[in-house]
Each structure stands twice: as C-alpha cells, then as structure tokens.
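Structure file entry.cif; described as mmCIF, C-alpha atoms and all ligand atoms.
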```
data_my_file
#
loop_
_atom_site.label_atom_id
_atom_site.label_comp_id
_atom_site.auth_asym_id
_atom_site.auth_seq_id
_atom_site.Cartn_x
_atom_site.Cartn_y
_atom_site.Cartn_z
CA VAL A 262 -58.25 29.25 39.09
CA THR A 263 -57.77 27.00 42.10
CA PHE A 264 -56.00 23.71 41.39
CA LYS A 265 -57.70 20.63 42.84
CA LEU A 266 -54.99 18.35 44.17
CA GLY A 267 -54.75 14.72 45.25
CA ILE A 268 -51.90 13.54 47.45
CA VAL A 269 -50.50 10.08 46.69
CA GLY A 270 -48.44 8.76 49.62
CA CYS A 271 -49.20 10.40 52.96
CA GLY A 272 -45.85 10.01 54.70
CA ARG A 273 -43.49 12.23 56.63
CA VAL A 274 -42.54 14.76 53.97
CA VAL A 275 -46.20 15.32 53.11
CA GLU A 276 -47.04 15.82 56.76
CA GLU A 277 -44.12 18.11 57.62
CA GLY A 278 -43.55 19.89 54.30
CA HIS A 279 -46.25 19.68 51.65
CA VAL A 280 -49.23 20.18 53.95
CA PRO A 281 -48.00 23.41 55.60
CA ALA A 282 -46.76 24.70 52.23
CA LEU A 283 -50.12 24.03 50.57
CA LEU A 284 -52.11 25.46 53.49
CA ALA A 285 -50.13 28.68 52.98
CA LEU A 286 -51.34 28.68 49.34
CA ALA A 287 -55.02 28.04 50.02
CA GLN A 288 -56.06 30.68 47.43
CA GLN A 289 -54.27 28.73 44.72
CA ALA A 290 -54.77 25.06 45.50
CA THR A 291 -57.02 22.77 47.54
CA VAL A 292 -56.34 19.18 48.51
CA VAL A 293 -59.51 17.21 47.72
CA ALA A 294 -58.29 13.60 47.84
CA LEU A 295 -55.67 11.36 49.47
CA ALA A 296 -54.33 7.93 48.53
CA ASP A 297 -52.36 5.68 50.89
CA PRO A 298 -52.91 2.05 51.94
CA GLY A 299 -52.32 3.14 55.54
CA ALA A 300 -55.59 4.45 57.02
CA ALA A 301 -53.71 6.03 59.93
CA ARG A 302 -51.47 7.89 57.46
CA ARG A 303 -54.50 9.28 55.62
CA THR A 304 -56.15 10.32 58.87
CA ALA A 305 -53.01 12.10 60.07
CA VAL A 306 -52.76 14.11 56.84
CA ARG A 307 -56.52 14.81 56.61
CA GLU A 308 -56.54 16.17 60.17
CA LEU A 309 -53.59 18.46 59.44
CA LEU A 310 -55.40 19.75 56.36
CA GLY A 311 -58.44 20.36 58.57
CA SER A 312 -61.11 19.43 56.05
CA ASP A 313 -63.93 16.87 56.30
CA GLU A 314 -64.56 16.93 52.57
CA ILE A 315 -61.41 15.10 51.52
CA VAL A 316 -62.02 11.77 49.79
CA GLU A 317 -59.72 8.92 50.85
CA HIS A 318 -58.51 6.03 48.68
CA ASP A 319 -56.43 2.92 49.40
CA ASP A 320 -55.24 2.76 45.81
CA TRP A 321 -53.98 5.73 43.79
CA ARG A 322 -55.65 4.29 40.65
CA ASP A 323 -59.06 4.92 42.21
CA LEU A 324 -58.06 8.49 43.03
CA LEU A 325 -56.89 9.03 39.44
CA ALA A 326 -60.05 7.48 37.99
CA SER A 327 -62.36 9.60 40.18
CA GLY A 328 -62.01 12.65 37.94
CA ASP A 329 -61.85 14.80 41.08
CA VAL A 330 -58.32 16.19 40.70
CA ASP A 331 -56.36 18.42 38.29
CA ALA A 332 -52.98 17.27 39.61
CA VAL A 333 -51.43 14.77 42.03
CA VAL A 334 -48.62 15.32 44.51
CA ILE A 335 -46.46 12.17 44.67
CA GLY A 336 -44.81 11.54 48.06
CA LEU A 337 -44.22 7.80 47.63
CA PRO A 338 -41.18 5.58 48.29
CA HIS A 339 -38.77 6.05 45.37
CA HIS A 340 -39.42 2.79 43.48
CA LEU A 341 -43.14 3.61 43.15
CA HIS A 342 -42.65 7.02 41.50
CA VAL A 343 -42.36 5.74 37.92
CA ARG A 344 -45.59 3.72 38.10
CA ALA A 345 -47.59 6.47 39.77
CA ILE A 346 -46.42 9.06 37.23
CA SER A 347 -47.29 6.76 34.30
CA ASP A 348 -50.74 6.06 35.77
CA ALA A 349 -51.34 9.80 36.27
CA ALA A 350 -50.29 10.48 32.68
CA SER A 351 -52.71 7.81 31.40
CA ALA A 352 -55.47 9.44 33.45
CA GLY A 353 -54.63 12.92 32.09
CA VAL A 354 -53.70 14.24 35.56
CA ASP A 355 -50.76 16.66 36.01
CA VAL A 356 -47.96 15.59 38.38
CA ILE A 357 -45.95 17.28 41.12
CA CYS A 358 -43.40 14.66 42.18
CA GLU A 359 -41.02 14.46 45.10
CA LYS A 360 -37.35 13.97 44.38
CA PRO A 361 -35.78 11.80 43.07
CA LEU A 362 -38.12 11.93 40.08
CA VAL A 363 -37.31 8.22 39.59
CA ASN A 364 -34.39 5.92 40.46
CA THR A 365 -32.63 5.58 37.09
CA LEU A 366 -32.18 7.30 33.74
CA ALA A 367 -34.03 4.40 32.10
CA GLU A 368 -37.04 5.17 34.31
CA ALA A 369 -36.68 8.86 33.37
CA ASP A 370 -36.98 7.80 29.71
CA ALA A 371 -40.20 5.95 30.55
CA VAL A 372 -41.56 9.05 32.28
CA GLU A 373 -40.63 11.20 29.32
CA ARG A 374 -42.48 8.86 26.95
CA ALA A 375 -45.56 8.80 29.19
CA LEU A 376 -45.62 12.61 29.35
CA ALA A 377 -45.18 12.98 25.61
CA ALA A 378 -47.99 10.51 24.91
CA SER A 379 -50.44 12.20 27.25
CA ASP A 380 -49.68 15.92 27.32
CA VAL A 381 -49.75 16.09 31.12
CA ARG A 382 -47.45 18.52 32.92
CA LEU A 383 -44.70 17.63 35.39
CA ALA A 384 -43.11 19.53 38.27
CA VAL A 385 -40.36 18.11 40.51
CA MET A 386 -39.56 19.13 44.11
CA HIS A 387 -36.05 20.55 43.98
CA ASN A 388 -37.11 22.66 46.92
CA TRP A 389 -33.74 23.46 48.50
CA ALA A 390 -32.90 25.85 45.64
CA PHE A 391 -35.93 27.99 46.50
CA ASN A 392 -35.38 28.81 50.19
CA ALA A 393 -34.84 32.54 50.71
CA ASP A 394 -31.28 32.20 52.03
CA GLN A 395 -30.23 29.89 49.19
CA GLN A 396 -31.89 32.17 46.64
CA ALA A 397 -30.07 35.20 48.10
CA ALA A 398 -26.74 33.37 47.74
CA ILE A 399 -27.44 32.32 44.14
CA ASP A 400 -28.51 35.87 43.25
CA ALA A 401 -25.37 37.39 44.83
CA ILE A 402 -23.15 34.97 42.91
CA ALA A 403 -24.97 35.70 39.64
CA ALA A 404 -24.54 39.43 40.30
CA GLY A 405 -20.76 38.89 40.50
CA ARG A 406 -20.36 39.81 44.16
CA ILE A 407 -17.82 37.04 44.88
CA GLY A 408 -16.28 37.02 41.40
CA GLU A 409 -15.87 33.74 39.53
CA PRO A 410 -16.65 30.86 41.93
CA PHE A 411 -13.93 28.19 42.19
CA LEU A 412 -14.74 26.15 45.31
CA VAL A 413 -17.98 24.92 46.89
CA ARG A 414 -17.70 23.08 50.24
CA ASN A 415 -20.77 21.22 51.41
CA GLU A 416 -20.35 18.97 54.45
CA MET A 417 -23.03 17.53 56.70
CA VAL A 418 -22.80 14.40 58.84
CA TRP A 419 -25.24 13.05 61.40
CA GLY A 420 -26.17 9.86 63.17
CA VAL A 421 -29.23 8.13 61.76
CA PRO A 422 -31.03 7.63 58.41
CA TYR A 423 -34.04 9.95 57.95
CA ALA A 424 -36.88 8.22 59.78
CA GLY A 425 -39.86 7.94 57.45
CA ARG A 426 -43.40 7.07 58.52
CA ASP A 427 -44.20 4.17 56.19
CA PRO A 428 -46.11 1.62 58.32
CA SER A 429 -44.82 -1.22 56.16
CA GLY A 430 -41.18 -0.52 57.07
CA ASP A 431 -38.14 1.49 56.14
CA TRP A 432 -37.87 1.31 52.35
CA ARG A 433 -34.88 3.72 52.54
CA LEU A 434 -32.59 0.90 53.70
CA HIS A 435 -33.36 -1.32 50.71
CA ALA A 436 -31.55 -0.74 47.43
CA ALA A 437 -34.36 -2.14 45.28
CA GLN A 438 -36.77 0.42 46.72
CA ALA A 439 -34.68 3.50 47.50
CA GLY A 440 -32.30 3.07 44.55
CA GLY A 441 -29.33 3.70 46.85
CA GLY A 442 -28.52 5.25 50.22
CA ILE A 443 -27.43 8.70 51.32
CA VAL A 444 -26.55 9.79 47.78
CA ILE A 445 -29.98 9.41 46.20
CA THR A 446 -31.91 10.33 49.33
CA ASN A 447 -29.82 13.31 50.44
CA ALA A 448 -26.81 14.30 48.30
CA TYR A 449 -29.27 14.44 45.36
CA HIS A 450 -30.10 18.00 46.44
CA GLN A 451 -26.44 19.07 46.50
CA ALA A 452 -26.08 18.12 42.83
CA TYR A 453 -28.50 20.80 41.61
CA LEU A 454 -27.31 23.29 44.25
CA ALA A 455 -23.64 22.86 43.21
CA GLU A 456 -24.41 23.67 39.56
CA LEU A 457 -26.40 26.75 40.59
CA GLU A 458 -23.75 27.94 43.06
CA MET A 459 -20.80 27.39 40.72
CA GLY A 460 -22.85 28.80 37.83
CA SER A 461 -21.33 26.02 35.76
CA PRO A 462 -22.25 22.41 34.94
CA VAL A 463 -20.55 19.39 36.48
CA VAL A 464 -18.29 17.67 33.91
CA ARG A 465 -16.58 14.98 36.04
CA VAL A 466 -17.37 13.19 39.29
CA HIS A 467 -15.28 11.26 41.77
CA ALA A 468 -16.85 9.49 44.74
CA SER A 469 -16.03 6.98 47.43
CA PHE A 470 -18.37 5.35 49.92
CA GLY A 471 -17.58 3.87 53.30
CA GLY A 472 -18.75 3.81 56.87
CA PRO A 473 -19.92 1.12 59.28
CA GLU A 474 -22.90 0.17 57.13
CA ALA A 475 -20.88 -0.17 53.93
CA ALA A 476 -21.46 -3.93 53.93
CA ASP A 477 -25.24 -3.44 54.05
CA GLU A 478 -27.47 -2.82 51.10
CA VAL A 479 -27.10 0.95 50.76
CA GLU A 480 -24.29 3.42 51.40
CA SER A 481 -24.35 5.42 54.62
CA THR A 482 -21.35 7.62 53.89
CA ALA A 483 -20.18 9.39 50.74
CA VAL A 484 -17.29 11.69 49.88
CA ILE A 485 -17.87 13.29 46.48
CA THR A 486 -16.03 15.79 44.30
CA PHE A 487 -17.36 17.51 41.21
CA GLU A 488 -15.24 19.18 38.55
CA HIS A 489 -17.17 21.95 36.84
CA ARG A 490 -16.77 23.22 33.30
CA ASN A 491 -15.40 26.58 34.60
CA GLY A 492 -12.53 24.71 36.32
CA GLY A 493 -14.10 24.99 39.76
CA THR A 494 -14.45 22.16 42.29
CA THR A 495 -17.28 21.12 44.61
CA ALA A 496 -16.54 18.94 47.65
CA ILE A 497 -19.46 17.14 49.29
CA GLN A 498 -19.39 14.96 52.41
CA ARG A 499 -22.44 13.17 53.73
CA SER A 500 -22.95 10.49 56.39
CA TRP A 501 -25.87 9.23 58.44
CA ALA A 502 -23.52 7.03 60.51
CA SER A 503 -21.74 9.75 62.48
CA VAL A 504 -23.46 9.29 65.82
CA GLY A 505 -22.39 12.59 67.37
CA GLY A 506 -22.90 14.60 64.23
CA GLY A 507 -20.26 16.96 62.94
CA VAL A 508 -19.57 20.59 62.12
CA GLY A 509 -21.68 21.56 59.11
CA VAL A 510 -20.01 23.47 56.29
CA HIS A 511 -21.65 25.14 53.33
CA GLU A 512 -19.45 27.73 51.64
CA ILE A 513 -18.92 29.12 48.15
CA HIS A 514 -15.56 30.75 47.42
CA GLY A 515 -14.94 33.04 44.47
CA ALA A 516 -12.04 35.11 43.15
CA ALA A 517 -13.32 38.24 44.91
CA GLY A 518 -15.23 36.98 47.92
CA SER A 519 -17.03 34.16 49.72
CA ILE A 520 -20.46 33.13 50.93
CA ARG A 521 -21.17 30.93 53.95
CA PHE A 522 -24.31 29.43 55.43
CA HIS A 523 -24.95 28.94 59.10
CA GLN A 524 -25.58 25.24 59.76
CA ALA A 525 -28.02 23.70 62.22
CA ASP A 526 -26.62 22.39 65.51
CA PRO A 527 -25.65 18.69 65.08
CA ALA A 528 -27.84 17.58 68.01
CA ALA A 529 -30.86 19.39 66.53
CA LEU A 530 -30.07 17.74 63.20
CA ASN A 531 -30.03 14.29 64.83
CA ARG A 532 -33.42 14.96 66.46
CA MET A 533 -34.81 16.01 63.10
CA PHE A 534 -33.48 12.92 61.27
CA ARG A 535 -34.86 10.67 64.03
CA GLY A 536 -38.25 12.29 63.47
CA GLU A 537 -38.50 13.80 66.95
CA ALA A 538 -38.43 17.49 66.01
CA ALA A 539 -38.58 19.85 63.08
CA LEU A 540 -35.47 21.66 61.87
CA PRO A 541 -35.08 25.05 63.52
CA ALA A 542 -36.36 27.86 61.30
CA THR A 543 -33.63 29.55 59.31
CA GLY A 544 -32.39 32.81 60.80
CA GLU A 545 -33.50 31.79 64.29
CA GLN A 546 -30.07 31.69 65.84
CA ARG A 547 -27.96 34.10 63.79
CA PRO A 548 -27.72 35.30 60.17
CA THR A 549 -28.38 32.34 57.90
CA VAL A 550 -26.19 33.39 55.02
CA GLU A 551 -23.26 35.79 55.02
CA LEU A 552 -21.14 37.42 52.34
CA TYR A 553 -17.49 38.44 52.39
CA GLU A 554 -16.48 40.98 49.75
CA ARG A 555 -12.77 41.70 49.33
CA ALA A 556 -13.40 45.44 48.98
CA ARG A 557 -15.21 45.54 52.33
CA ASP A 558 -12.84 43.06 54.04
CA ALA A 559 -15.51 41.83 56.46
CA TRP A 560 -18.35 39.33 56.70
CA ALA A 561 -21.87 40.80 56.56
CA ALA A 562 -25.36 39.30 56.68
CA LEU A 563 -26.74 38.79 53.19
CA ALA A 564 -30.33 38.05 54.19
CA VAL A 565 -31.81 37.21 57.54
CA PRO A 566 -35.06 35.48 56.83
CA SER A 567 -36.77 33.54 59.60
CA ARG A 568 -38.48 30.82 57.65
CA PRO A 569 -39.46 27.20 58.22
CA TRP A 570 -37.48 24.57 56.26
CA TRP A 571 -40.41 23.99 53.87
CA GLU A 572 -40.41 27.59 52.60
CA GLY A 573 -38.68 26.43 49.40
CA MET A 574 -41.58 24.04 48.78
CA ARG A 575 -44.11 26.84 49.16
CA VAL A 576 -42.19 29.02 46.71
CA LEU A 577 -41.78 26.20 44.20
CA TYR A 578 -45.49 25.30 44.41
CA GLU A 579 -46.42 28.96 43.92
CA ARG A 580 -44.15 29.37 40.87
CA THR A 581 -45.41 26.09 39.42
CA PHE A 582 -49.06 27.15 39.75
CA GLU A 583 -48.27 30.57 38.23
CA ALA A 584 -46.46 28.94 35.30
CA TRP A 585 -49.24 26.43 34.68
CA ARG A 586 -51.86 29.19 34.69
CA ARG A 587 -49.87 30.91 31.94
CA ASP A 588 -49.57 27.57 30.14
CA GLU A 589 -45.81 27.53 30.63
CA PRO A 590 -43.64 24.67 31.95
CA ALA A 591 -42.97 24.46 35.70
CA PRO A 592 -39.62 25.92 36.92
CA VAL A 593 -38.32 22.40 37.66
CA GLY A 594 -39.38 19.68 35.21
CA ILE A 595 -38.10 16.58 33.45
CA GLU A 596 -34.89 18.19 32.16
CA GLN A 597 -33.68 19.37 35.57
CA ALA A 598 -34.62 16.05 37.17
CA ARG A 599 -32.83 14.09 34.44
CA ARG A 600 -29.75 16.25 34.91
CA VAL A 601 -29.58 15.42 38.63
CA LEU A 602 -30.07 11.73 37.87
CA GLN A 603 -27.14 11.87 35.42
CA ILE A 604 -24.91 13.24 38.18
CA VAL A 605 -26.27 10.77 40.77
CA GLN A 606 -25.64 7.88 38.38
CA ALA A 607 -22.06 9.13 37.81
CA ILE A 608 -21.53 9.22 41.60
CA TYR A 609 -22.59 5.57 41.92
CA ASP A 610 -20.52 4.53 38.88
CA SER A 611 -17.44 6.31 40.25
CA ALA A 612 -17.70 4.71 43.70
CA ARG A 613 -18.20 1.26 42.17
CA ARG A 614 -15.33 1.53 39.69
CA GLY A 615 -12.92 3.55 41.84
CA THR A 616 -12.31 6.03 39.04
CA SER A 617 -13.50 9.45 37.95
CA VAL A 618 -16.57 9.45 35.71
CA GLU A 619 -17.41 12.00 33.04
CA VAL A 620 -20.89 13.51 33.06
CA ALA A 621 -22.10 14.05 29.54
CA GLU A 622 -23.88 17.24 28.64
CA LEU A 623 -27.61 16.74 28.85
CA ALA A 624 -28.84 15.54 25.48
CA SER A 625 -31.58 17.95 24.48
CA SER A 626 -34.83 16.15 25.00
CA GLY A 627 -37.78 16.25 22.69
CA GLY A 628 -40.21 15.77 25.55
CA SER A 629 -42.31 18.30 27.43
CA GLY A 630 -41.06 20.36 30.34
N1 LIG B 1 -37.72 17.42 49.16
C1 LIG B 1 -37.38 17.12 50.39
O1 LIG B 1 -36.81 17.95 51.09
C2 LIG B 1 -37.71 15.74 50.92
C3 LIG B 1 -37.61 15.45 52.29
C4 LIG B 1 -37.96 14.17 52.71
C5 LIG B 1 -38.39 13.20 51.81
N2 LIG B 1 -38.47 13.51 50.47
C6 LIG B 1 -38.97 12.54 49.46
O2 LIG B 1 -40.35 12.35 49.67
C7 LIG B 1 -40.73 11.03 49.30
C8 LIG B 1 -41.44 10.36 50.48
O3 LIG B 1 -40.58 10.31 51.59
P1 LIG B 1 -41.17 10.20 53.10
O4 LIG B 1 -40.05 10.32 54.02
O5 LIG B 1 -42.32 11.11 53.26
O6 LIG B 1 -41.66 8.68 53.09
P2 LIG B 1 -42.44 7.89 54.23
O7 LIG B 1 -41.81 6.55 54.35
O8 LIG B 1 -42.59 8.73 55.47
O9 LIG B 1 -43.89 7.75 53.59
C9 LIG B 1 -44.20 7.01 52.45
C10 LIG B 1 -45.71 6.94 52.39
O10 LIG B 1 -46.08 6.28 51.17
C11 LIG B 1 -47.14 5.39 51.49
N3 LIG B 1 -47.22 4.34 50.49
C12 LIG B 1 -46.46 3.23 50.36
N4 LIG B 1 -46.91 2.49 49.31
C13 LIG B 1 -47.97 3.15 48.79
C14 LIG B 1 -48.87 2.91 47.70
N5 LIG B 1 -48.75 1.82 46.92
N6 LIG B 1 -49.84 3.82 47.44
C15 LIG B 1 -49.96 4.92 48.20
N7 LIG B 1 -49.17 5.20 49.25
C16 LIG B 1 -48.18 4.33 49.54
C17 LIG B 1 -46.80 4.87 52.87
O11 LIG B 1 -47.95 4.30 53.52
C18 LIG B 1 -46.31 6.15 53.56
O12 LIG B 1 -47.38 6.87 54.13
C19 LIG B 1 -39.44 10.35 48.85
O13 LIG B 1 -39.34 10.47 47.46
C20 LIG B 1 -38.37 11.15 49.55
O14 LIG B 1 -37.11 11.11 48.93
C21 LIG B 1 -38.14 14.76 50.03
#
```

Translate the structure of the given file into structure tokens.
Amino acid sequence: VTFKLGIVGCGRVVEEGHVPALLALAQQATVVALADPGAARRTAVRELLGSDEIVEHDDWRDLLASGDVDAVVIGLPHHLHVRAISDAASAGVDVICEKPLVNTLAEADAVERALAASDVRLAVMHNWAFNADQQAAIDAIAAGRIGEPFLVRNEMVWGVPYAGRDPSGDWRLHAAQAGGGIVITNAYHQAYLAELEMGSPVVRVHASFGGPEAADEVESTAVITFEHRNGGTTAIQRSWASVGGGVGVHEIHGAAGSIRFHQADPAALNRMFRGEAALPATGEQRPTVELYERARDAWAALAVPSRPWWEGMRVLYERTFEAWRRDEPAPVGIEQARRVLQIVQAIYDSARRGTSVEVAELASSGGSG
C-alpha cells in the first residue's frame, strides 16, 4: 500500500526535511497535493518533489475536501496546527504533524476530542530521537553500558532565530502565533530526549529566561534544569542571541560511564539558523557519538553514521507507515506530544513564577494513539 499524502504548509522544514525524507520513501508514500497561500512556496516544494501531477490548493480545506489524500503532513506556523488537525479529523484524513503538536495543553485536549470523534490517526514529528547517533546512545544506555544515568548536559547557543520562509513574516517572534520563543521552538526536542536519555520521567522543572530580547514578546535565552524520578538531573541551555555562538555540549553521565555527542561548529550552526546552509551531515568531521566505559578507561566511537540531519524524519515516517499498515498506533502520537507539552508548560510557569514547578505524571488518556 502506498500512502497518498497532502502537505499543508510548504515552508522551510518541508523543503529541507520532509521532502528529502519522503523522496527516500517513494515506495511507501507519494505526495499528491499541496496547500499553501503562497504560490511561490508551492512551486518551490513541487519542483523539489519533481512531479507535474501534484494538485495545488490555496486553502487546506479544499485539499481535505478533494478526497485525494489518505493523510496530511502539517508544516504550518504553530498557532494553525490545532485548526488544521481538527479539519483533517472532520474530513477523515490521517495526520502527521510537525512539533509542537499544538501550543497548549488545552489545545491538546481539543485535538484528542477531534481524534476520538473521527477515528483518524495521528503521528507527531519528534524526529531528533530517531537519528542513528541518538538511537545508538539511547540503546547503549538502555543496555546498561554507562550504568544508571545521573546527569544530562545539553547546551547549544547561537546568534539568530531560525529563519523560516513564510512570505507573510516571521511568526516565530510573536507569542500569539509561536506560543513562546526558544523553548517551544527548540528546547521542545530536548524534553523528550532528556526522558529517553535518563530513562526516567521529569518530575520537577526550574527555568529562567533572559538575554537581550527578554523585553520583546518571546524569550531568546533559557536555562533549564529537570529533576528526574531516578534522582538524576538534566541541564539545558539555549539561546539564539549569542552572536558568536558557543561550544556545544551534549553528554550523558552514568555511574559506570559516559556518552558524548560531537557538536556542529558554531559558525556552521549560525549559517544554518540564518537559512544560508544545511547542517553538516553527522559523522562528517569525526565520530558523532562516543562512549566511555570505566572498564575500558578510554573513549571509543559508538557509531559513525554519515547521515543528513533529516534522517530521523525518514526513520519516523517509515515506522509510522509500517505501524499504520499493521493497524497499530504510530511510534509518536498524542500521548508523547502531550507529555512534552506538560514539560514545556512547566518551563514557562517556572520562569514566570521564579520557582520550581512539579510535572504531574501523565494522566492516562482515553483517546487514540
Ligand atoms: N522537527 C524539526 O526538526 C523542525 C525543524 C524546523 C521547523 N519545525 C516545525 O515545522 C513547522 C513549520 O516551520 P517552518 O520553519 O517550516 O515554517 P515557515 O515559516 O518556513 O513556513 C510556514 C509555511 O506555512 C505557510 N502557511 C501559513 N499560513 C498558512 C495557511 N493558512 N495554510 C497553508 N499554509 C500556510 C506559509 O506560507 C509557509 O510556507 C513548525 O511547527 C516548526 O516548529 C520542525
């Protein structure tokens, strides 16, 4: 079975991530329709897909009503996700949505109700968990190679907000559209990665925001700590206001060893965020992820894949299609997305109140996966 897909929102992530990932899965899925009010955006994506048979729409409701697609890929500005998902559910069309699923837990409730009422399936792009180097690290931790993890360090600072391609302006800088700044657009990913790396849920969050744009609508800079149920701590630093960029750190320390990731050069990172270049492929410069085991007393390469940054998207698409063919839920669905939103909400609450904030265990949902 080949899934017929429509893409709703033809911006930068679709162009640089979804399109190459889907072209690599041509046996499993075909893009047959696009929706975006920007004609130039549709043309750019259609040309990359290399097909003359793709139908273009200004309005996603026309795409959904056409009956041409089994599922839609949503690559819209954040505030439009909830409406597009609800419309897809009403039309009986499955959904593969970019992160964040929606901006708030209340919107997640609305999505859950729409899914339950319609029986459509949902997958969410938590792609950074599915890159080969990240997967190798998670597997090594689960196999006990570093013992019980107690500290995750995840630091990345650079000089400019991610430059999107929306012709109507930069929605990322407006709280009502983006739902926040660097936390919801970027640190979102570190929330699910931290729980996977620690092998333990986050129970308490502390965060403070700052930076030269702190007086503007959305936060540019965030320092975040997570306490995990196993007693471990995650420390996250993110800024898009550090003009020169900084040393990147991504390490997991356990009782019997450590794991570290090689980080992209800060100048290359700045070019990527400005939209001038792609990220270098992983493994291009030196081993991407390394493991230190106490017994061996030395660092050694764990896996040396040379893969583009969107490899995690390809893997997640592939596993989603496989699951759906077996009539099973996608690997990342409403529960995982709601969990990240709980943590993101706790980060914002903590920074606003200046106190630590507890993260409740995820209430088991009656909705579909
Ligand atoms: N998973 C990742 O690694 C990753 C990376 C980057 C972005 N993202 C996410 O992808 C999503 C899109 O981000 P982006 O940087 O590609 O955005 P972008 O600003 O580049 O593009 C947004 C697109 O949506 C279109 N659009 C706006 N209103 C529309 C409407 N009513 N109907 C149809 N199309 C409409 C715009 O014309 C534009 O083409 C966001 O949710 C973002 O957080 C995820």

Nearest residue to Met574 in chain A from the set A:Asn388, A:Ser347, A:Gln288, A:Ser312 (distances using all atoms listed in the file) =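 Checking each of A:Asn388, A:Ser347, A:Gln288, A:Ser312 against Met574 in chain A, counting all atoms listed in the file, the winner is A:Asn388.
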
task = Just give me the gap between atom N7 of ligand LIG 1 (chain B) and CA of Glu373 in chain A in Å, one decimal is fine.
result = 22.5 Å

request  = Would you kindly return, as an MDAnalysis selection string, each protein, DNA or RNA residue with an atom no farther than 6 Å from any atom of range 407-416 of chain A, considering all atoms listed in the file and excluding same-chain residues fewer than 4 positions away?
outcome  = chainID A and resid 459 493:498 509:519

key: Residues within 10 Å of (-38.9, 9.1, 54.6), counting only C-alpha atoms, listed as a count of residues only   = 21

request  = Quick one: pull the distance between CA of Thr581 in chain A and CA of Ala345 in chain A, Å, one decimal.
outcome  =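 These two atoms are separated by 19.7 Å.
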
message = I'd like to know which of A:Asn491, A:Ser379, A:Ser429, A:Ser327 is closest to ligand LIG 1 (chain B), using all atoms listed in the file.
response =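 The shortest atom-to-atom distance to ligand LIG 1 (chain B) comes from A:Ser429.
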
inquiry  = If I take atom C9 of ligand LIG 1 (chain B) and CA of His435 in chain A, how far is one from the other in Å, to one decimal?
reply    =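 Atom C9 of ligand LIG 1 (chain B) sits 13.8 Å away from CA of His435 in chain A.
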
Within-10 Å shell of (-30.9, 20.3, 58.8) in input frame, all atoms listed in the file, as a list in words =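 These residues have at least one counted atom within 10 Å: Met417, Trp419, Gly509, Gln524, Ala525, Asp526, Pro527, Ala529, Leu530, Asn531, Arg532, Met533, Phe534, Ala539, Leu540, Pro541, Ala542, Thr543 and Trp570 of chain A.
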
query = Which one of A:Phe487, A:Phe522, A:Tyr553, A:Tyr453 sits closest to Ile608 in chain A if you count only C-alpha atoms?
reply =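 The answer is A:Phe487, which sits nearest to Ile608 in chain A.
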
query = Could you pull the residues within 10 Å of Glu314 in chain A, counting all atoms listed in the file, minus those fewer than 6 positions along the same chain, as a PyMOL selection string?
reply = chain A and resi 292-294+307

Given only C-alpha atoms and all ligand atoms as the counted atoms, nearest of A:Arg568, A:Arg547, A:His279, A:Arg465 to ligand LIG 1 (chain B) =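 Closest residue, counting only C-alpha atoms and all ligand atoms: A:His279.
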
query = Which residue, A:Asp331, A:Pro428, A:Ala483, A:Cys358, has the smallest gap to Ser503 in chain A when you use all atoms listed in the file?
reply =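 Once distances to Ser503 in chain A are computed over all atoms listed in the file, the minimum belongs to A:Ala483.
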
Counting all atoms listed in the file, the residue of A:Leu457, A:Leu266, A:Ala287, A:Leu577 that sits nearest ligand LIG 1 (chain B) =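 For ligand LIG 1 (chain B), the nearest of the candidates is A:Leu577.
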
request  = Tell me which protein, DNA and RNA residues are within 9 Å of Asn364 in chain A, counting all atoms listed in the file, leaving out same-chain ones fewer than 2 positions away, and put them as a list in words.
outcome  =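 My reading of the contact set: His339, His340, His342, Val343, Pro361, Leu362, Leu366, Ala367, Glu368, Ala369, Gln438, Ala439, Gly440, Gly441, Ile445 and Leu602 of chain A.
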